[in-house]
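Only one structure is covered here, and it is reproduced in the block below.
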Amino acid sequence: MGIQNDIVKFNVGGRIFQTTATTLANAGRDSFFGALFDDNWDLQQPINGREFFIDRNPDCFAVLLDLLRTGDLYIPSNVPERLLYKEAMFYGLIGHVRSAKRGPFDGNRLKLSKSVTGRAPGDGTAIRAGPDGGCCVAHGSMVHVFDWMLEEHPPLNLDYQRVNDIGWVNAESVLISACERLGRGDGGVGLFSSYTGDLRYKFNVVHDNQIKSYTAGALCFSPDYKIFASCKGRSNEYGIGVWDQFTGKQIDFFYETPGWSLGEADKLQWLNGTTCLLVATLFPRKDNCYISLLDFRQKSTVWSWSDIGAPLTVDEKRVRDAIAMEDCNSVCVVNEYEDLGFIDLRISGGSVRWSSRSRLMKGKMPDEPCYPKLALHNGQLFSSMNDSISVFCGPDWVLTSRLRRSYGGSICDFSIGGDRLFALHSEDNVFDIWETPPTPVI
């Protein structure tokens, strides 16, 4: 940097600010201030030869300039937080603001940041964290979308019978799977704008060169821009559909084999290491549980497990959720008592190794319990149970912390993304936002 110690002046909304080129360079090349430097990081000169004029809010500018100077974020009471975020987006400093407000995600350091009460009637179906720190929440036939500032966008009203699953394709697009209504043909999978709520296109299932109506269930994405969904049609359209994310065209379909269950799957998970798809159909959707790994290249099932005929107790049989853990060569499952179990991925049809140390429930179950859910993030395992979320760490998956708040009822779903954990409660349509506090600036 040629003139990094030179003093730089800004006139922002009539207020004069002075700083150095070194401070401005902290904003990065892709920021508003980075554009003031040439390719050699030499600062360009103002047009009037005195100062750069910016017609923006000076109070917000002062906060953001201090952030570049110290790395610490202090928002005075006279500066609305939402206005500061919008100004940060203008200057290309939104990443700096996020880093200052919360640290790298760590389940053992999470703190409750905020709770949001929705306006939709009825119980929530699912919550999904967005890539930029926002989220979307499904209630019946409606999906509510929130950006990372937790401002609600226009809702997605499908007028379908029920939303089964939701997922973020990117920050601009939300994928929704829904039930088919008899005689209407309006179920399936659709891609919607997260900003306007408009339907961009639907994903059709083609069987024998005919477009078929179907009910779509669990959703999943792969790094090569494929979309997967469990599909249940009226005749032979039972299985897993695959579409191209950009064109919306169906590119494959894995048909359900007799005696197994794919079309009513509760969960899909793409495994990058084996390039296979985990498909789990769980109790109580079916009387028995079916978990399998599908290889779409060979159109084969490369691994499978079911509790049919397994010598297990009644409680242990009721697997409520499953998640593949490629680093451990295992599938983790959980029952309604939050017992964790592990199935070896190297052996098809093996037994479940239940971990008694993970049993957390004491006494009787609550009147309206929610089924437990599992998530894996940065080497930490998360399991929801009633009104709390447990965090397990280490090679033996030892319980290290629990997340709980005092109201809202049982947790019916949770999701991790954008350095946040979102937990959806069964009562009051409320969801919590948990964040890791920032590391103190010394």
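Starting from 1 in every chain, residues are counted up; chains themselves are A, B, ... following the order of the structure tokens, and ligands are numbered from 1 as listed.
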
With a distance cut-off of 7 Å and only C-alpha atoms, select the neighbouring residues of Leu421 (chain A), excluding the residue or stretch itself and same-chain residues fewer than 2 positions from it, and output the selection as a VMD selection string. chain A and resid 415 to 417 423 433 to 435

Write a file of the just-selected residues containing all heavy atoms, as a PDB file, in the first residue's frame.
ATOM      1  N   SER A 415     -32.996 -26.090  13.307  1.00  0.00           N
ATOM      2  CA  SER A 415     -32.135 -26.064  12.126  1.00  0.00           C
ATOM      3  C   SER A 415     -30.941 -25.164  12.397  1.00  0.00           C
ATOM      4  O   SER A 415     -31.045 -24.174  13.132  1.00  0.00           O
ATOM      5  CB  SER A 415     -32.923 -25.554  10.912  1.00  0.00           C
ATOM      6  OG  SER A 415     -32.124 -25.521   9.754  1.00  0.00           O
ATOM      7  N   ILE A 416     -29.793 -25.511  11.802  1.00  0.00           N
ATOM      8  CA  ILE A 416     -28.554 -24.764  11.998  1.00  0.00           C
ATOM      9  C   ILE A 416     -28.058 -24.247  10.655  1.00  0.00           C
ATOM     10  O   ILE A 416     -28.009 -24.987   9.672  1.00  0.00           O
ATOM     11  CB  ILE A 416     -27.470 -25.651  12.649  1.00  0.00           C
ATOM     12  CG1 ILE A 416     -27.959 -26.193  13.990  1.00  0.00           C
ATOM     13  CG2 ILE A 416     -26.168 -24.870  12.832  1.00  0.00           C
ATOM     14  CD1 ILE A 416     -27.048 -27.248  14.596  1.00  0.00           C
ATOM     15  N   GLY A 417     -27.682 -22.970  10.600  1.00  0.00           N
ATOM     16  CA  GLY A 417     -27.143 -22.378   9.388  1.00  0.00           C
ATOM     17  C   GLY A 417     -26.908 -20.897   9.572  1.00  0.00           C
ATOM     18  O   GLY A 417     -27.543 -20.252  10.414  1.00  0.00           O
ATOM     19  N   ALA A 423     -34.812 -22.685  16.698  1.00  0.00           N
ATOM     20  CA  ALA A 423     -35.623 -23.719  17.334  1.00  0.00           C
ATOM     21  C   ALA A 423     -37.087 -23.310  17.291  1.00  0.00           C
ATOM     22  O   ALA A 423     -37.457 -22.244  17.790  1.00  0.00           O
ATOM     23  CB  ALA A 423     -35.176 -23.939  18.785  1.00  0.00           C
ATOM     24  N   ILE A 433     -33.800 -17.853  18.380  1.00  0.00           N
ATOM     25  CA  ILE A 433     -32.548 -17.700  17.643  1.00  0.00           C
ATOM     26  C   ILE A 433     -31.405 -17.755  18.646  1.00  0.00           C
ATOM     27  O   ILE A 433     -31.320 -16.940  19.559  1.00  0.00           O
ATOM     28  CB  ILE A 433     -32.498 -16.374  16.856  1.00  0.00           C
ATOM     29  CG1 ILE A 433     -33.679 -16.276  15.884  1.00  0.00           C
ATOM     30  CG2 ILE A 433     -31.175 -16.268  16.096  1.00  0.00           C
ATOM     31  CD1 ILE A 433     -34.859 -15.514  16.427  1.00  0.00           C
ATOM     32  N   TRP A 434     -30.540 -18.750  18.492  1.00  0.00           N
ATOM     33  CA  TRP A 434     -29.375 -18.920  19.354  1.00  0.00           C
ATOM     34  C   TRP A 434     -28.120 -18.567  18.572  1.00  0.00           C
ATOM     35  O   TRP A 434     -27.958 -18.996  17.419  1.00  0.00           O
ATOM     36  CB  TRP A 434     -29.287 -20.366  19.845  1.00  0.00           C
ATOM     37  CG  TRP A 434     -30.424 -20.786  20.728  1.00  0.00           C
ATOM     38  CD1 TRP A 434     -31.681 -21.159  20.336  1.00  0.00           C
ATOM     39  CD2 TRP A 434     -30.416 -20.885  22.168  1.00  0.00           C
ATOM     40  NE1 TRP A 434     -32.456 -21.472  21.430  1.00  0.00           N
ATOM     41  CE2 TRP A 434     -31.704 -21.324  22.562  1.00  0.00           C
ATOM     42  CE3 TRP A 434     -29.450 -20.653  23.145  1.00  0.00           C
ATOM     43  CZ2 TRP A 434     -32.044 -21.534  23.892  1.00  0.00           C
ATOM     44  CZ3 TRP A 434     -29.786 -20.865  24.472  1.00  0.00           C
ATOM     45  CH2 TRP A 434     -31.060 -21.295  24.841  1.00  0.00           C
ATOM     46  N   GLU A 435     -27.248 -17.786  19.199  1.00  0.00           N
ATOM     47  CA  GLU A 435     -26.013 -17.342  18.547  1.00  0.00           C
ATOM     48  C   GLU A 435     -24.824 -17.533  19.488  1.00  0.00           C
ATOM     49  O   GLU A 435     -24.977 -17.535  20.709  1.00  0.00           O
ATOM     50  CB  GLU A 435     -26.101 -15.864  18.149  1.00  0.00           C
ATOM     51  CG  GLU A 435     -27.215 -15.534  17.176  1.00  0.00           C
ATOM     52  CD  GLU A 435     -27.319 -14.040  16.896  1.00  0.00           C
ATOM     53  OE1 GLU A 435     -26.644 -13.262  17.610  1.00  0.00           O
ATOM     54  OE2 GLU A 435     -28.059 -13.667  15.989  1.00  0.00           O
TER      55      GLU A 435
END

Pick out each residue of region 50-252 of chain A that DSSP on the backbone tags as strand (DSSP E or B); I need them as an NGL selection string. :A and (52-54 or 111-117 or 124-129 or 135-139 or 142-146 or 152 or 156-157 or 163-170 or 173-178 or 188-193 or 199-203 or 205-207 or 210-212 or 214-221 or 226-233 or 238-244 or 250-252)

Quick check for you: according to DSSP on this backbone, which residues of region 37-109 of chain A are classed as alpha helix (DSSP H)? Reply as a PyMOL selection string. chain A and resi 58-70+81-91+94-101

Residues from the last selection, N, CA, C and O atoms, saved as a compact mmCIF listing (two decimals), in the first residue's frame:
# COMPACT_ATOMS: atom_id res chain seq x y z
N PRO A 58 -24.90 9.89 8.69
CA PRO A 58 -23.61 10.08 9.35
C PRO A 58 -23.48 9.32 10.67
O PRO A 58 -22.38 8.88 11.03
N ASP A 59 -24.59 9.14 11.41
CA ASP A 59 -24.50 8.40 12.67
C ASP A 59 -24.11 6.94 12.43
O ASP A 59 -23.28 6.38 13.15
N CYS A 60 -24.70 6.34 11.42
CA CYS A 60 -24.35 4.95 11.09
C CYS A 60 -22.92 4.87 10.57
O CYS A 60 -22.19 3.91 10.87
N PHE A 61 -22.51 5.86 9.80
CA PHE A 61 -21.15 5.88 9.28
C PHE A 61 -20.14 5.89 10.43
O PHE A 61 -19.11 5.20 10.37
N ALA A 62 -20.44 6.66 11.47
CA ALA A 62 -19.54 6.74 12.62
C ALA A 62 -19.39 5.37 13.29
O ALA A 62 -18.28 4.98 13.69
N VAL A 63 -20.49 4.63 13.41
CA VAL A 63 -20.44 3.31 14.03
C VAL A 63 -19.60 2.36 13.19
O VAL A 63 -18.75 1.61 13.70
N LEU A 64 -19.83 2.39 11.87
CA LEU A 64 -19.12 1.47 10.98
C LEU A 64 -17.64 1.82 10.88
O LEU A 64 -16.78 0.94 10.76
N LEU A 65 -17.32 3.11 10.94
CA LEU A 65 -15.92 3.52 10.90
C LEU A 65 -15.18 3.04 12.16
O LEU A 65 -14.04 2.55 12.08
N ASP A 66 -15.83 3.13 13.30
CA ASP A 66 -15.22 2.61 14.53
C ASP A 66 -15.05 1.10 14.46
O ASP A 66 -14.09 0.55 15.01
N LEU A 67 -15.98 0.43 13.80
CA LEU A 67 -15.85 -1.01 13.62
C LEU A 67 -14.59 -1.36 12.82
O LEU A 67 -13.87 -2.30 13.15
N LEU A 68 -14.33 -0.58 11.77
CA LEU A 68 -13.11 -0.81 10.98
C LEU A 68 -11.86 -0.47 11.78
O LEU A 68 -10.81 -1.09 11.59
N ARG A 69 -11.96 0.49 12.67
CA ARG A 69 -10.79 0.89 13.46
C ARG A 69 -10.43 -0.14 14.53
O ARG A 69 -9.26 -0.46 14.73
N THR A 70 -11.45 -0.66 15.23
CA THR A 70 -11.20 -1.47 16.42
C THR A 70 -11.62 -2.93 16.29
O THR A 70 -11.18 -3.76 17.07
N GLU A 81 -31.02 -0.27 15.01
CA GLU A 81 -30.18 -1.38 14.58
C GLU A 81 -30.47 -1.79 13.14
O GLU A 81 -29.55 -2.09 12.38
N ARG A 82 -31.73 -1.79 12.76
CA ARG A 82 -32.07 -2.19 11.39
C ARG A 82 -31.50 -1.19 10.37
O ARG A 82 -31.06 -1.57 9.29
N LEU A 83 -31.52 0.11 10.73
CA LEU A 83 -30.95 1.11 9.84
C LEU A 83 -29.45 0.90 9.69
O LEU A 83 -28.90 1.01 8.58
N LEU A 84 -28.79 0.56 10.79
CA LEU A 84 -27.35 0.30 10.72
C LEU A 84 -27.06 -0.86 9.79
O LEU A 84 -26.12 -0.82 8.99
N TYR A 85 -27.87 -1.92 9.87
CA TYR A 85 -27.65 -3.08 9.01
C TYR A 85 -27.80 -2.71 7.53
O TYR A 85 -27.01 -3.14 6.69
N LYS A 86 -28.80 -1.89 7.25
CA LYS A 86 -28.99 -1.48 5.85
C LYS A 86 -27.85 -0.61 5.36
O LYS A 86 -27.42 -0.70 4.20
N GLU A 87 -27.35 0.26 6.22
CA GLU A 87 -26.19 1.07 5.84
C GLU A 87 -24.96 0.19 5.67
O GLU A 87 -24.14 0.42 4.76
N ALA A 88 -24.82 -0.82 6.51
CA ALA A 88 -23.69 -1.74 6.38
C ALA A 88 -23.76 -2.49 5.05
O ALA A 88 -22.72 -2.75 4.42
N MET A 89 -24.95 -2.83 4.61
CA MET A 89 -25.10 -3.50 3.31
C MET A 89 -24.69 -2.56 2.18
O MET A 89 -24.06 -2.99 1.21
N PHE A 90 -25.02 -1.27 2.31
CA PHE A 90 -24.63 -0.30 1.29
C PHE A 90 -23.10 -0.22 1.18
O PHE A 90 -22.55 -0.17 0.07
N TYR A 91 -22.41 -0.23 2.31
CA TYR A 91 -20.95 -0.10 2.31
C TYR A 91 -20.24 -1.45 2.10
O TYR A 91 -19.01 -1.48 2.05
N ILE A 94 -21.49 -5.83 5.73
CA ILE A 94 -22.41 -6.65 6.49
C ILE A 94 -21.70 -7.84 7.12
O ILE A 94 -22.02 -8.29 8.22
N GLY A 95 -20.68 -8.38 6.43
CA GLY A 95 -19.90 -9.47 6.99
C GLY A 95 -19.14 -9.04 8.23
O GLY A 95 -19.02 -9.81 9.20
N HIS A 96 -18.61 -7.82 8.22
CA HIS A 96 -17.91 -7.30 9.40
C HIS A 96 -18.87 -7.16 10.58
O HIS A 96 -18.52 -7.47 11.72
N VAL A 97 -20.09 -6.69 10.29
CA VAL A 97 -21.07 -6.51 11.35
C VAL A 97 -21.46 -7.85 11.96
O VAL A 97 -21.53 -8.02 13.19
N ARG A 98 -21.69 -8.85 11.11
CA ARG A 98 -22.06 -10.17 11.61
C ARG A 98 -20.95 -10.76 12.47
O ARG A 98 -21.20 -11.35 13.52
N SER A 99 -19.71 -10.63 12.00
CA SER A 99 -18.58 -11.19 12.75
C SER A 99 -18.43 -10.51 14.11
O SER A 99 -18.03 -11.15 15.08
N ALA A 100 -18.75 -9.21 14.15
CA ALA A 100 -18.62 -8.49 15.42
C ALA A 100 -19.77 -8.82 16.36
O ALA A 100 -19.60 -8.77 17.58
N LYS A 101 -20.94 -9.14 15.80
CA LYS A 101 -22.11 -9.42 16.64
C LYS A 101 -22.09 -10.85 17.18
O LYS A 101 -22.61 -11.12 18.26

Give me the residues near Leu381 (chain A) as a ChimeraX atom specification, where near means some atom within 6 Å (using only C-alpha atoms) and where sequence neighbours in that chain fewer than 4 positions away do not count. /A:375-376,391-392

Rank nothing, just name the residue among A:Pro104, A:Gly92, A:Gly409, A:Gly134 nearest to Val430 (chain A), using only C-alpha atoms. A:Gly409

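The coordinates place CA of Ser292 (chain A) at 4.1 Å from CA of Ser304 (chain A).
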
12 Å contact set for Pro258 (chain A), only C-alpha atoms, chain neighbours under 4 positions out, as a PyMOL selection string: chain A and resi 236+238-239+262-263

Atoms to include: all heavy atoms. Write the selected residues as a PDB file, in the first residue's frame.
ATOM      1  N   ASN A 236     -47.464 -45.928  -9.800  1.00  0.00           N
ATOM      2  CA  ASN A 236     -46.103 -46.435  -9.645  1.00  0.00           C
ATOM      3  C   ASN A 236     -45.087 -45.366  -9.272  1.00  0.00           C
ATOM      4  O   ASN A 236     -43.888 -45.660  -9.231  1.00  0.00           O
ATOM      5  CB  ASN A 236     -45.644 -47.105 -10.956  1.00  0.00           C
ATOM      6  CG  ASN A 236     -46.477 -48.321 -11.296  1.00  0.00           C
ATOM      7  OD1 ASN A 236     -46.820 -49.095 -10.406  1.00  0.00           O
ATOM      8  ND2 ASN A 236     -46.808 -48.491 -12.571  1.00  0.00           N
ATOM      9  N   TYR A 238     -43.729 -44.091  -6.754  1.00  0.00           N
ATOM     10  CA  TYR A 238     -43.216 -44.148  -5.386  1.00  0.00           C
ATOM     11  C   TYR A 238     -41.700 -44.230  -5.462  1.00  0.00           C
ATOM     12  O   TYR A 238     -41.155 -45.146  -6.075  1.00  0.00           O
ATOM     13  CB  TYR A 238     -43.765 -45.370  -4.639  1.00  0.00           C
ATOM     14  CG  TYR A 238     -45.114 -45.166  -4.018  1.00  0.00           C
ATOM     15  CD1 TYR A 238     -46.260 -45.069  -4.805  1.00  0.00           C
ATOM     16  CD2 TYR A 238     -45.263 -45.070  -2.637  1.00  0.00           C
ATOM     17  CE1 TYR A 238     -47.509 -44.892  -4.239  1.00  0.00           C
ATOM     18  CE2 TYR A 238     -46.507 -44.889  -2.054  1.00  0.00           C
ATOM     19  CZ  TYR A 238     -47.623 -44.800  -2.868  1.00  0.00           C
ATOM     20  OH  TYR A 238     -48.860 -44.615  -2.300  1.00  0.00           O
ATOM     21  N   GLY A 239     -41.023 -43.278  -4.825  1.00  0.00           N
ATOM     22  CA  GLY A 239     -39.563 -43.318  -4.846  1.00  0.00           C
ATOM     23  C   GLY A 239     -38.961 -41.952  -4.605  1.00  0.00           C
ATOM     24  O   GLY A 239     -39.568 -41.091  -3.956  1.00  0.00           O
ATOM     25  N   LEU A 262     -39.505 -45.818   0.315  1.00  0.00           N
ATOM     26  CA  LEU A 262     -38.761 -44.630  -0.120  1.00  0.00           C
ATOM     27  C   LEU A 262     -39.685 -43.440  -0.325  1.00  0.00           C
ATOM     28  O   LEU A 262     -39.358 -42.310   0.027  1.00  0.00           O
ATOM     29  CB  LEU A 262     -38.010 -44.912  -1.428  1.00  0.00           C
ATOM     30  CG  LEU A 262     -36.943 -46.006  -1.429  1.00  0.00           C
ATOM     31  CD1 LEU A 262     -36.369 -46.169  -2.837  1.00  0.00           C
ATOM     32  CD2 LEU A 262     -35.833 -45.694  -0.449  1.00  0.00           C
ATOM     33  N   GLY A 263     -40.849 -43.668  -0.901  1.00  0.00           N
ATOM     34  CA  GLY A 263     -41.734 -42.582  -1.297  1.00  0.00           C
ATOM     35  C   GLY A 263     -42.325 -41.793  -0.153  1.00  0.00           C
ATOM     36  O   GLY A 263     -42.774 -40.656  -0.355  1.00  0.00           O
TER      37      GLY A 263
END

So that I can see what lies close to Arg109 (chain A), please list as a PyMOL selection string the residues with an atom at most 9 Å from it, counting only C-alpha atoms and leaving out residues fewer than 4 positions away in the same chain. chain A and resi 105+401+435-437

Selection from above, N, CA and C atoms, as a short mmCIF file (atom, residue, chain, number, x, y, z; two decimals), in the first residue's frame, can you write it?
data_model
loop_
_atom_site.label_atom_id
_atom_site.label_comp_id
_atom_site.auth_asym_id
_atom_site.auth_seq_id
_atom_site.Cartn_x
_atom_site.Cartn_y
_atom_site.Cartn_z
N PHE A 105 -19.75 -20.43 15.01
CA PHE A 105 -20.76 -21.27 15.65
C PHE A 105 -20.11 -22.33 16.54
N SER A 401 -23.59 -29.88 26.81
CA SER A 401 -24.41 -28.72 27.17
C SER A 401 -25.84 -28.94 26.70
N GLU A 435 -27.25 -17.79 19.20
CA GLU A 435 -26.01 -17.34 18.55
C GLU A 435 -24.82 -17.53 19.49
N THR A 436 -23.64 -17.66 18.89
CA THR A 436 -22.41 -17.71 19.67
C THR A 436 -21.91 -16.29 19.87
N PRO A 437 -21.70 -15.86 21.11
CA PRO A 437 -21.19 -14.50 21.33
C PRO A 437 -19.84 -14.30 20.66
#

If you measure from CA of His425 (chain A) to CA of Asp266 (chain A), what distance in Å do you get, rounded to one decimal? 19.3 Å

With region 220-227 of chain A as the partner and 12 Å as the cut-off, tabulate the residues of region 251-320 of chain A that qualify, each row holding the nearest pair of atoms and their distance in Å to one decimal, using only C-alpha atoms, sorted by chain and rising number, as a Markdown table.
| residue | atom | partner | partner_atom | distance |
| --- | --- | --- | --- | --- |
| A:Ile251 | CA | A:Lys226 | CA | 8.9 |
| A:Asp252 | CA | A:Lys226 | CA | 10.0 |
| A:Phe253 | CA | A:Ile227 | CA | 11.3 |
| A:Ala265 | CA | A:Cys220 | CA | 11.4 |
| A:Asp266 | CA | A:Cys220 | CA | 11.2 |
| A:Lys267 | CA | A:Cys220 | CA | 8.3 |
| A:Leu268 | CA | A:Cys220 | CA | 5.6 |
| A:Gln269 | CA | A:Cys220 | CA | 6.0 |
| A:Trp270 | CA | A:Ser222 | CA | 6.0 |
| A:Leu271 | CA | A:Ser222 | CA | 8.3 |
| A:Asn272 | CA | A:Ser222 | CA | 7.9 |
| A:Gly273 | CA | A:Pro223 | CA | 11.5 |
| A:Thr274 | CA | A:Ser222 | CA | 12.0 |
| A:Thr275 | CA | A:Ser222 | CA | 8.7 |
| A:Cys276 | CA | A:Ser222 | CA | 9.6 |
| A:Leu277 | CA | A:Cys220 | CA | 8.8 |
| A:Leu278 | CA | A:Cys220 | CA | 9.7 |
| A:Val279 | CA | A:Cys220 | CA | 10.0 |
| A:Phe296 | CA | A:Lys226 | CA | 11.7 |

Could you please take those selected residues and save N, CA, C and O atoms as a tab-separated table (two decimals), in the first residue's frame?
chain	number	residue	atom	x	y	z
A	251	ILE	N	-34.30	-35.39	-13.94
A	251	ILE	CA	-33.16	-36.07	-14.55
A	251	ILE	C	-33.02	-37.51	-14.08
A	251	ILE	O	-32.23	-38.26	-14.65
A	252	ASP	N	-33.78	-37.90	-13.06
A	252	ASP	CA	-33.69	-39.28	-12.58
A	252	ASP	C	-34.87	-39.58	-11.66
A	252	ASP	O	-35.54	-38.66	-11.16
A	253	PHE	N	-35.10	-40.88	-11.42
A	253	PHE	CA	-36.11	-41.31	-10.47
A	253	PHE	C	-35.72	-42.69	-9.98
A	253	PHE	O	-35.50	-43.60	-10.77
A	265	ALA	N	-40.56	-41.11	2.69
A	265	ALA	CA	-39.40	-40.86	3.55
A	265	ALA	C	-39.58	-39.61	4.41
A	265	ALA	O	-40.11	-38.59	3.95
A	266	ASP	N	-39.12	-39.72	5.65
A	266	ASP	CA	-39.14	-38.58	6.57
A	266	ASP	C	-37.90	-37.71	6.42
A	266	ASP	O	-37.93	-36.53	6.75
A	267	LYS	N	-36.81	-38.29	5.93
A	267	LYS	CA	-35.55	-37.54	5.88
A	267	LYS	C	-34.70	-38.00	4.71
A	267	LYS	O	-34.58	-39.20	4.43
A	268	LEU	N	-34.10	-37.04	4.02
A	268	LEU	CA	-33.10	-37.27	2.99
A	268	LEU	C	-31.83	-36.53	3.37
A	268	LEU	O	-31.90	-35.40	3.88
A	269	GLN	N	-30.68	-37.14	3.13
A	269	GLN	CA	-29.40	-36.50	3.44
A	269	GLN	C	-28.38	-36.91	2.39
A	269	GLN	O	-28.13	-38.09	2.18
A	270	TRP	N	-27.78	-35.93	1.75
A	270	TRP	CA	-26.75	-36.21	0.75
A	270	TRP	C	-25.40	-36.38	1.44
A	270	TRP	O	-25.01	-35.55	2.28
A	271	LEU	N	-24.67	-37.45	1.08
A	271	LEU	CA	-23.36	-37.74	1.66
A	271	LEU	C	-22.29	-37.44	0.63
A	271	LEU	O	-22.19	-38.12	-0.41
A	272	ASN	N	-21.50	-36.42	0.90
A	272	ASN	CA	-20.49	-35.99	-0.06
A	272	ASN	C	-19.38	-37.02	-0.25
A	272	ASN	O	-18.85	-37.18	-1.34
A	273	GLY	N	-19.01	-37.72	0.83
A	273	GLY	CA	-17.91	-38.66	0.75
A	273	GLY	C	-18.19	-39.85	-0.14
A	273	GLY	O	-17.37	-40.24	-0.97
A	274	THR	N	-19.37	-40.43	0.00
A	274	THR	CA	-19.74	-41.61	-0.79
A	274	THR	C	-20.59	-41.24	-2.00
A	274	THR	O	-20.90	-42.13	-2.81
A	275	THR	N	-20.96	-39.97	-2.14
A	275	THR	CA	-21.87	-39.49	-3.20
A	275	THR	C	-23.11	-40.38	-3.27
A	275	THR	O	-23.54	-40.80	-4.35
A	276	CYS	N	-23.67	-40.64	-2.11
A	276	CYS	CA	-24.91	-41.42	-2.01
A	276	CYS	C	-25.94	-40.61	-1.23
A	276	CYS	O	-25.61	-39.62	-0.58
A	277	LEU	N	-27.18	-41.06	-1.31
A	277	LEU	CA	-28.28	-40.39	-0.63
A	277	LEU	C	-28.81	-41.29	0.49
A	277	LEU	O	-29.18	-42.44	0.25
A	278	LEU	N	-28.83	-40.73	1.72
A	278	LEU	CA	-29.47	-41.43	2.84
A	278	LEU	C	-30.97	-41.17	2.77
A	278	LEU	O	-31.41	-40.03	2.66
A	279	VAL	N	-31.75	-42.24	2.86
A	279	VAL	CA	-33.21	-42.15	2.86
A	279	VAL	C	-33.71	-42.86	4.11
A	279	VAL	O	-33.40	-44.04	4.33
A	296	PHE	N	-27.15	-43.43	-7.03
A	296	PHE	CA	-27.88	-43.14	-8.26
A	296	PHE	C	-27.06	-43.45	-9.51
A	296	PHE	O	-27.61	-43.61	-10.59

In Å, with one decimal, what is the gap from CA of Phe192 (chain A) to CA of Glu172 (chain A)? 8.5 Å

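Candidate residues A:Trp305, A:Cys231, A:Asn108, A:Cys179 were compared for distance to Gly379 (chain A), and the nearest is A:Asn108, using only C-alpha atoms.
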
Contacts of Glu152 (chain A) at 12 Å (only C-alpha atoms; same-chain gap of 3+ positions) as a list in words: Val116, Thr117, Gly118, Arg119, Gly134, Cys135, Cys136, Val137, Val143, His144, Val145, Phe146, Asp147, Trp148, Met149, Pro155, Leu156, Ser194, Tyr195, Thr196 and Gly197 of chain A

For the selection you just gave me, I'd like the residues written to a file as a short mmCIF file (atom, residue, chain, number, x, y, z; two decimals), in the first residue's frame, keeping N, CA, C and O atoms.
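File part-v3.cif, as written:
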data_model
loop_
_atom_site.label_atom_id
_atom_site.label_comp_id
_atom_site.auth_asym_id
_atom_site.auth_seq_id
_atom_site.Cartn_x
_atom_site.Cartn_y
_atom_site.Cartn_z
N VAL A 116 -39.01 -14.96 18.32
CA VAL A 116 -39.96 -14.33 17.41
C VAL A 116 -41.27 -15.11 17.45
O VAL A 116 -41.28 -16.34 17.33
N THR A 117 -42.37 -14.40 17.66
CA THR A 117 -43.69 -15.01 17.68
C THR A 117 -44.35 -14.81 16.34
O THR A 117 -44.49 -13.68 15.86
N GLY A 118 -44.76 -15.92 15.72
CA GLY A 118 -45.40 -15.86 14.42
C GLY A 118 -46.87 -15.51 14.53
O GLY A 118 -47.44 -15.48 15.62
N ARG A 119 -47.48 -15.27 13.36
CA ARG A 119 -48.89 -14.90 13.32
C ARG A 119 -49.77 -15.98 12.71
O ARG A 119 -50.97 -15.81 12.59
N GLY A 134 -30.91 -15.99 7.86
CA GLY A 134 -32.35 -15.90 7.97
C GLY A 134 -32.95 -17.28 8.17
O GLY A 134 -32.25 -18.27 8.41
N CYS A 135 -34.27 -17.37 8.05
CA CYS A 135 -34.92 -18.68 8.20
C CYS A 135 -36.28 -18.64 7.53
O CYS A 135 -36.80 -17.58 7.17
N CYS A 136 -36.87 -19.82 7.35
CA CYS A 136 -38.25 -19.93 6.88
C CYS A 136 -38.97 -20.95 7.76
O CYS A 136 -38.37 -21.92 8.23
N VAL A 137 -40.25 -20.68 8.00
CA VAL A 137 -41.05 -21.49 8.92
C VAL A 137 -42.33 -21.90 8.21
O VAL A 137 -43.03 -21.06 7.64
N VAL A 143 -45.84 -20.64 4.34
CA VAL A 143 -44.44 -20.56 4.74
C VAL A 143 -44.09 -19.10 4.97
O VAL A 143 -44.30 -18.25 4.09
N HIS A 144 -43.56 -18.80 6.15
CA HIS A 144 -43.13 -17.45 6.49
C HIS A 144 -41.61 -17.37 6.34
O HIS A 144 -40.89 -18.24 6.84
N VAL A 145 -41.15 -16.33 5.67
CA VAL A 145 -39.73 -16.17 5.36
C VAL A 145 -39.19 -14.94 6.08
O VAL A 145 -39.79 -13.86 6.04
N PHE A 146 -38.05 -15.12 6.75
CA PHE A 146 -37.40 -14.04 7.47
C PHE A 146 -35.97 -13.89 6.98
O PHE A 146 -35.27 -14.89 6.78
N ASP A 147 -35.54 -12.63 6.77
CA ASP A 147 -34.14 -12.42 6.39
C ASP A 147 -33.27 -12.44 7.64
O ASP A 147 -33.75 -12.67 8.75
N TRP A 148 -31.98 -12.20 7.47
CA TRP A 148 -31.06 -12.35 8.59
C TRP A 148 -31.28 -11.29 9.66
O TRP A 148 -30.90 -11.46 10.82
N MET A 149 -31.97 -10.18 9.29
CA MET A 149 -32.33 -9.18 10.28
C MET A 149 -33.65 -9.52 10.96
O MET A 149 -34.17 -8.74 11.75
N PRO A 155 -45.33 -13.67 2.78
CA PRO A 155 -45.43 -15.11 3.02
C PRO A 155 -45.71 -15.88 1.74
O PRO A 155 -46.24 -15.33 0.76
N LEU A 156 -45.36 -17.15 1.76
CA LEU A 156 -45.63 -18.04 0.63
C LEU A 156 -46.90 -18.81 0.93
O LEU A 156 -46.90 -19.71 1.77
N SER A 194 -37.79 -16.00 -2.33
CA SER A 194 -37.85 -15.71 -0.90
C SER A 194 -38.17 -14.25 -0.63
O SER A 194 -38.56 -13.90 0.48
N TYR A 195 -38.04 -13.39 -1.64
CA TYR A 195 -38.30 -11.96 -1.47
C TYR A 195 -39.75 -11.58 -1.78
O TYR A 195 -40.35 -10.78 -1.07
N THR A 196 -40.30 -12.16 -2.84
CA THR A 196 -41.64 -11.77 -3.28
C THR A 196 -42.69 -12.85 -3.01
O THR A 196 -43.89 -12.55 -3.01
N GLY A 197 -42.26 -14.09 -2.81
CA GLY A 197 -43.21 -15.18 -2.63
C GLY A 197 -43.75 -15.74 -3.92
O GLY A 197 -44.62 -16.62 -3.90
#
